[in-house]
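Data from model.txt: compact mmCIF, C-alpha atoms
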```txt
# COMPACT_ATOMS: atom_id res chain seq x y z
CA GLY A 1 -19.64 3.58 10.77
CA ALA A 2 -22.48 2.63 8.50
CA VAL A 3 -23.80 -0.90 8.46
CA VAL A 4 -23.87 -2.63 5.09
CA SER A 5 -24.98 -6.20 4.57
CA GLN A 6 -24.73 -8.54 1.64
CA HIS A 7 -26.60 -11.74 1.01
CA PRO A 8 -25.59 -14.40 0.43
CA SER A 9 -22.07 -14.31 1.82
CA TRP A 10 -21.12 -17.15 -0.47
CA VAL A 11 -22.86 -19.08 -3.20
CA ILE A 12 -22.04 -21.98 -5.49
CA CYS A 13 -24.02 -22.32 -8.68
CA LYS A 14 -23.91 -24.33 -11.86
CA SER A 15 -22.82 -22.89 -15.15
CA GLY A 16 -25.71 -21.34 -17.05
CA THR A 17 -27.78 -20.43 -14.02
CA SER A 18 -28.39 -16.97 -12.61
CA VAL A 19 -27.46 -15.68 -9.18
CA LYS A 20 -28.82 -12.66 -7.35
CA ILE A 21 -26.74 -10.82 -4.77
CA GLU A 22 -28.42 -8.38 -2.39
CA CYS A 23 -26.79 -5.37 -0.79
CA ARG A 24 -28.54 -3.51 1.99
CA SER A 25 -27.61 -0.19 3.53
CA LEU A 26 -29.03 -0.57 6.99
CA ASP A 27 -28.67 2.84 8.56
CA PHE A 28 -28.44 5.45 5.84
CA GLN A 29 -30.03 6.15 2.51
CA ALA A 30 -27.88 5.01 -0.37
CA THR A 31 -28.60 7.21 -3.34
CA THR A 32 -25.59 5.74 -5.11
CA MET A 33 -24.33 2.17 -5.15
CA PHE A 34 -20.95 1.02 -6.38
CA TRP A 35 -20.44 -2.63 -7.30
CA TYR A 36 -16.93 -4.03 -7.33
CA ARG A 37 -15.55 -7.44 -8.11
CA GLN A 38 -12.27 -8.94 -7.07
CA PHE A 39 -10.58 -11.93 -8.65
CA PRO A 40 -8.15 -14.01 -6.57
CA LYS A 41 -4.92 -12.20 -5.74
CA GLN A 42 -6.10 -9.08 -7.55
CA SER A 43 -7.37 -5.69 -6.47
CA LEU A 44 -10.95 -4.48 -6.46
CA MET A 45 -12.27 -3.40 -9.83
CA LEU A 46 -15.31 -1.16 -10.16
CA MET A 47 -17.98 -2.84 -12.26
CA ALA A 48 -20.82 -0.35 -12.23
CA THR A 49 -22.36 2.62 -10.52
CA SER A 50 -26.07 2.96 -9.97
CA ASN A 51 -28.25 5.75 -8.69
CA GLU A 52 -31.52 5.05 -6.99
CA GLY A 53 -34.33 4.86 -9.49
CA SER A 54 -32.19 5.09 -12.59
CA LYS A 55 -30.15 2.81 -14.82
CA ALA A 56 -26.66 1.77 -13.83
CA THR A 57 -23.52 3.00 -15.54
CA TYR A 58 -21.14 0.18 -16.38
CA GLU A 59 -17.38 0.34 -16.61
CA GLN A 60 -15.68 -0.50 -19.86
CA GLY A 61 -15.57 -4.22 -20.46
CA VAL A 62 -18.44 -5.06 -18.11
CA GLU A 63 -21.45 -6.53 -19.91
CA LYS A 64 -24.60 -4.74 -18.80
CA ASP A 65 -26.84 -7.55 -20.03
CA LYS A 66 -24.92 -10.09 -18.00
CA PHE A 67 -24.64 -8.16 -14.76
CA LEU A 68 -28.08 -6.74 -14.06
CA ILE A 69 -28.23 -4.09 -11.37
CA ASN A 70 -31.42 -2.97 -9.70
CA HIS A 71 -31.38 -0.04 -7.32
CA ALA A 72 -35.07 0.49 -6.73
CA SER A 73 -34.86 1.75 -3.16
CA LEU A 74 -32.51 3.75 -0.99
CA THR A 75 -31.69 0.75 1.17
CA LEU A 76 -31.47 -2.11 -1.31
CA SER A 77 -29.54 -2.81 -4.47
CA THR A 78 -29.22 -6.13 -6.24
CA LEU A 79 -26.70 -7.53 -8.68
CA THR A 80 -27.83 -10.47 -10.78
CA VAL A 81 -25.24 -12.48 -12.62
CA THR A 82 -27.12 -14.01 -15.53
CA SER A 83 -26.06 -17.22 -17.29
CA ALA A 84 -23.06 -17.52 -15.02
CA HIS A 85 -19.87 -19.11 -16.25
CA PRO A 86 -16.81 -20.28 -14.32
CA GLU A 87 -14.96 -17.09 -15.31
CA ASP A 88 -17.58 -15.12 -13.35
CA SER A 89 -16.36 -16.75 -10.15
CA SER A 90 -15.22 -13.85 -8.05
CA PHE A 91 -15.71 -11.84 -4.87
CA TYR A 92 -18.44 -9.24 -5.35
CA ILE A 93 -18.53 -6.22 -3.05
CA CYS A 94 -21.06 -3.41 -2.85
CA SER A 95 -20.39 0.07 -1.58
CA PRO A 96 -23.33 2.37 -0.87
CA ASP A 97 -23.08 6.12 -0.83
CA GLY A 98 -25.54 8.81 0.04
CA ASP A 99 -26.20 12.49 0.09
CA ARG A 100 -23.92 13.27 2.94
CA VAL A 101 -20.59 14.91 3.46
CA SER A 102 -18.35 12.12 4.57
CA TYR A 103 -14.85 11.06 3.83
CA GLU A 104 -15.40 7.44 4.78
CA GLN A 105 -16.67 5.09 2.10
CA TYR A 106 -18.47 2.01 3.40
CA PHE A 107 -18.31 -1.45 1.95
CA GLY A 108 -20.32 -4.59 2.28
CA PRO A 109 -18.70 -7.78 3.57
CA GLY A 110 -18.67 -9.26 0.08
CA THR A 111 -20.20 -12.28 -1.66
CA ARG A 112 -18.03 -15.14 -2.85
CA LEU A 113 -19.46 -16.61 -6.07
CA THR A 114 -18.21 -19.92 -7.38
CA VAL A 115 -19.56 -21.17 -10.69
CA THR A 116 -18.99 -24.85 -11.38
CA ASP B 1 -7.66 10.59 -9.79
CA ALA B 2 -3.92 10.54 -9.25
CA LYS B 3 -2.09 7.24 -9.46
CA THR B 4 -0.37 5.81 -6.40
CA THR B 5 2.62 3.49 -6.03
CA GLN B 6 3.04 1.13 -3.09
CA PRO B 7 5.44 -1.73 -2.36
CA PRO B 8 3.72 -5.06 -3.03
CA SER B 9 4.53 -6.54 0.34
CA MET B 10 5.97 -5.78 3.76
CA ASP B 11 6.60 -7.68 6.96
CA CYS B 12 6.41 -6.44 10.50
CA ALA B 13 6.96 -7.98 13.90
CA GLU B 14 4.03 -8.05 16.26
CA GLY B 15 4.10 -5.11 18.67
CA ARG B 16 6.36 -3.04 16.48
CA ALA B 17 5.35 -0.08 14.36
CA ALA B 18 4.41 -0.77 10.76
CA ASN B 19 5.28 2.04 8.34
CA LEU B 20 3.62 1.71 4.95
CA PRO B 21 4.82 4.13 2.25
CA CYS B 22 2.89 5.49 -0.70
CA ASN B 23 4.00 7.66 -3.60
CA HIS B 24 1.51 9.98 -5.26
CA SER B 25 3.69 12.39 -7.16
CA THR B 26 0.89 13.58 -9.48
CA ILE B 27 -1.55 14.47 -6.72
CA SER B 28 -3.59 17.61 -7.31
CA GLY B 29 -4.19 20.37 -4.81
CA ASN B 30 -7.76 19.32 -4.12
CA GLU B 31 -7.08 15.60 -3.78
CA TYR B 32 -7.03 13.86 -0.45
CA VAL B 33 -4.96 10.83 0.53
CA TYR B 34 -7.07 7.94 1.81
CA TRP B 35 -5.99 4.65 3.33
CA TYR B 36 -8.14 1.55 3.37
CA ARG B 37 -7.33 -2.02 4.26
CA GLN B 38 -8.82 -5.34 3.29
CA ILE B 39 -8.51 -8.35 5.49
CA HIS B 40 -8.70 -11.58 3.56
CA SER B 41 -12.19 -12.30 2.17
CA GLN B 42 -13.73 -9.19 3.69
CA GLY B 43 -14.82 -5.83 2.34
CA PRO B 44 -12.41 -2.90 2.55
CA GLN B 45 -12.27 -0.90 5.75
CA TYR B 46 -11.56 2.82 6.03
CA ILE B 47 -8.52 3.70 8.11
CA ILE B 48 -7.69 7.39 7.77
CA HIS B 49 -7.47 10.26 5.33
CA GLY B 50 -5.69 13.61 5.05
CA LEU B 51 -5.13 16.59 2.79
CA LYS B 52 -1.82 18.10 3.83
CA ASN B 53 -1.56 17.96 7.59
CA ASN B 54 -0.55 14.88 9.52
CA GLU B 55 -3.52 13.02 10.96
CA THR B 56 -4.01 10.55 13.77
CA ASN B 57 -6.96 8.49 14.88
CA GLU B 58 -7.50 5.43 17.02
CA MET B 59 -6.29 3.12 14.26
CA ALA B 60 -3.30 4.83 12.71
CA SER B 61 -1.31 7.94 11.90
CA LEU B 62 -0.89 9.47 8.48
CA ILE B 63 2.22 11.46 7.65
CA ILE B 64 2.10 13.50 4.43
CA THR B 65 5.25 15.13 3.09
CA GLU B 66 5.28 18.88 2.68
CA ASP B 67 5.19 18.63 -1.12
CA ARG B 68 2.35 16.08 -0.78
CA LYS B 69 4.02 13.74 -3.23
CA SER B 70 4.23 10.89 -0.76
CA SER B 71 2.78 9.71 2.51
CA THR B 72 3.28 7.06 5.18
CA LEU B 73 0.67 5.16 7.11
CA ILE B 74 1.85 4.20 10.57
CA LEU B 75 0.32 1.45 12.66
CA PRO B 76 2.03 2.17 15.98
CA HIS B 77 1.77 -1.28 17.57
CA ALA B 78 0.96 -3.85 14.92
CA THR B 79 -0.97 -6.96 15.91
CA LEU B 80 -1.60 -10.18 14.04
CA ARG B 81 -5.08 -8.87 13.20
CA ASP B 82 -3.49 -6.05 11.22
CA THR B 83 -2.36 -8.53 8.57
CA ALA B 84 -4.16 -7.27 5.47
CA VAL B 85 -3.76 -5.56 2.12
CA TYR B 86 -3.42 -1.81 2.61
CA TYR B 87 -4.55 0.51 -0.15
CA CYS B 88 -3.42 4.10 -0.57
CA ILE B 89 -5.88 6.07 -2.72
CA VAL B 90 -6.01 9.70 -3.74
CA ARG B 91 -9.31 11.28 -4.57
CA VAL B 92 -10.98 14.65 -4.68
CA GLY B 93 -12.81 15.65 -1.51
CA GLY B 94 -15.56 13.78 0.30
CA THR B 95 -17.90 11.16 -1.00
CA SER B 96 -21.42 11.67 -2.35
CA GLY B 97 -21.12 9.67 -5.53
CA SER B 98 -17.36 9.82 -6.00
CA ARG B 99 -15.76 6.47 -6.73
CA LEU B 100 -12.71 4.94 -5.13
CA THR B 101 -10.14 3.48 -7.51
CA PHE B 102 -8.06 0.74 -5.93
CA GLY B 103 -4.48 0.00 -6.93
CA GLU B 104 -2.59 -3.16 -6.05
CA GLY B 105 -1.92 -2.16 -2.45
CA THR B 106 0.65 -3.49 0.02
CA GLN B 107 0.25 -6.89 1.62
CA LEU B 108 1.29 -6.36 5.22
CA THR B 109 2.10 -9.50 7.14
CA VAL B 110 2.49 -9.15 10.89
CA ASN B 111 4.59 -11.97 12.30
CA PRO B 112 4.49 -13.26 15.88
```

Translate the structure described by the file into structure tokens.
Amino acid sequence: GAVVSQHPSWVICKSGTSVKIECRSLDFQATTMFWYRQFPKQSLMLMATSNEGSKATYEQGVEKDKFLINHASLTLSTLTVTSAHPEDSSFYICSPDGDRVSYEQYFGPGTRLTVT
Amino acid sequence: DAKTTQPPSMDCAEGRAANLPCNHSTISGNEYVYWYRQIHSQGPQYIIHGLKNNETNEMASLIITEDRKSSTLILPHATLRDTAVYYCIVRVGGTSGSRLTFGEGTQLTVNP
């Protein structure tokens, strides 16, 4: 399967600061990137979808000015949580996709964000 | 994408088969059944998928009823490492930009 990495794997930040999460697709070109978040004891919820070189599409209820997504290359996408608050504490997971016929969707290992 | 219904939790003894059911009564003819699992604090992992025929791979077997309204994921010899949340998802075709919508899944606990 494809190799997807996320950095950092966990981060603790203070309320009001910004945090950047990187997602790298190591062995295939990710023309599309899905970003999910998962609150404790809940399922994964899609936050946004981005295509390389264009603006991300956000799901209803997700603030685009708070969760900044950059997908400038086919191997790297970043999610920046701006002015983080404790309610943003969650598990963030990326899922790259590319121009290929495949039935297997790949996911990163996730980033645990805790805002104090 | 069609909605799926799964039991919230199941238990299984180590070494025994784990049979996880999923209802997808509104599935369309061009929608596939996918199974993923998520071990605690990790990203989801693909297990298997099928359209209408039963499928088997090194991880599991997938049994789809003839009317395609339900399916069962079978882990033939469950181990403690199979403890995870298992998600049944229906979606049209392959990937290339098509999202996966996760339901609540089934928490499978394999007991020693």

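For the choices B:Leu80, B:Val85, B:Gly103, B:Thr4, the atom-to-atom distance to Gln45 in chain B is smallest for B:Val85 when using all atoms listed in the file.
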
Surrounding residues of Leu73 in chain B excluding itself and chain neighbours under 3 positions, 6 Å, only C-alpha atoms, as a ChimeraX atom specification: /B:19-20,61-62

Where does chain A meet chain B within 12 Å, residue by residue, with the nearest atom pair and distance in Å to one decimal for each, counting all atoms listed in the file, listed by chain and rising number, as a tab-separated table?
```
residue	atom	partner	partner_atom	distance
A:Gly1	CA	B:Tyr46	CA	9.4
A:Ala2	CA	B:Gln45	CA	11.1
A:Val3	CA	B:Gln45	CA	11.8
A:Val4	CA	B:Gly43	CA	10.0
A:Ser5	CA	B:Gly43	CA	10.4
A:Gln6	CA	B:Gly43	CA	10.3
A:Ser9	CA	B:Gln42	CA	10.0
A:Trp10	CA	B:Ser41	CA	10.5
A:Gln29	CA	B:Ser96	CA	11.3
A:Ala30	CA	B:Ser96	CA	9.5
A:Thr31	CA	B:Gly97	CA	8.2
A:Thr32	CA	B:Gly97	CA	6.0
A:Met33	CA	B:Gly97	CA	8.2
A:Phe34	CA	B:Arg99	CA	7.5
A:Trp35	CA	B:Arg99	CA	10.2
A:Tyr36	CA	B:Gly43	CA	10.1
A:Arg37	CA	B:Gly43	CA	10.6
A:Gln38	CA	B:Ser41	CA	9.8
A:Phe39	CA	B:Ser41	CA	10.9
A:Pro40	CA	B:Ser41	CA	9.8
A:Lys41	CA	B:Glu104	CA	9.3
A:Gln42	CA	B:Glu104	CA	7.0
A:Ser43	CA	B:Glu104	CA	5.4
A:Leu44	CA	B:Phe102	CA	6.0
A:Met45	CA	B:Phe102	CA	7.1
A:Leu46	CA	B:Thr101	CA	7.4
A:Met47	CA	B:Arg99	CA	11.1
A:Ala48	CA	B:Arg99	CA	10.1
A:Thr49	CA	B:Arg99	CA	8.5
A:Ser50	CA	B:Gly97	CA	9.4
A:Asn51	CA	B:Gly97	CA	8.7
A:Glu52	CA	B:Gly97	CA	11.5
A:Glu59	CA	B:Arg99	CA	11.7
A:Ser90	CA	B:Ser41	CA	10.8
A:Phe91	CA	B:Ser41	CA	7.9
A:Tyr92	CA	B:Gly43	CA	9.2
A:Ile93	CA	B:Gly43	CA	6.6
A:Cys94	CA	B:Gly43	CA	8.5
A:Ser95	CA	B:Gly43	CA	9.0
A:Pro96	CA	B:Gly97	CA	8.9
A:Asp97	CA	B:Ser96	CA	6.0
A:Gly98	CA	B:Ser96	CA	5.6
A:Asp99	CA	B:Ser96	CA	5.4
A:Arg100	CA	B:Ser96	CA	6.1
A:Val101	CA	B:Gly94	CA	6.0
A:Ser102	CA	B:Gly94	CA	5.4
A:Tyr103	CA	B:Gly94	CA	4.5
A:Glu104	CA	B:Tyr46	CA	6.1
A:Gln105	CA	B:Tyr46	CA	6.8
A:Tyr106	CA	B:Gln45	CA	7.2
A:Phe107	CA	B:Gly43	CA	5.6
A:Gly108	CA	B:Gly43	CA	5.6
A:Pro109	CA	B:Gly43	CA	4.5
A:Gly110	CA	B:Gly43	CA	5.6
A:Thr111	CA	B:Ser41	CA	8.9
A:Arg112	CA	B:Ser41	CA	8.2
A:Leu113	CA	B:Ser41	CA	11.8
```

Between CA of Lys52 in chain B and CA of Leu75 in chain B - distance in Å to one decimal: 19.0 Å

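Our summary of the geometry notes that CA of Gln107 in chain B is positioned 12.9 Å from CA of Cys22 in chain B.
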
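CA of Arg24 in chain A is found 4.6 Å from CA of Leu76 in chain A.
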
Spatial sel., origin (1.3, -1.1, 13.7), limit 7 Å, all atoms listed in the file, listed as a VMD selection string: chain B and resid 15 to 18 74 to 79
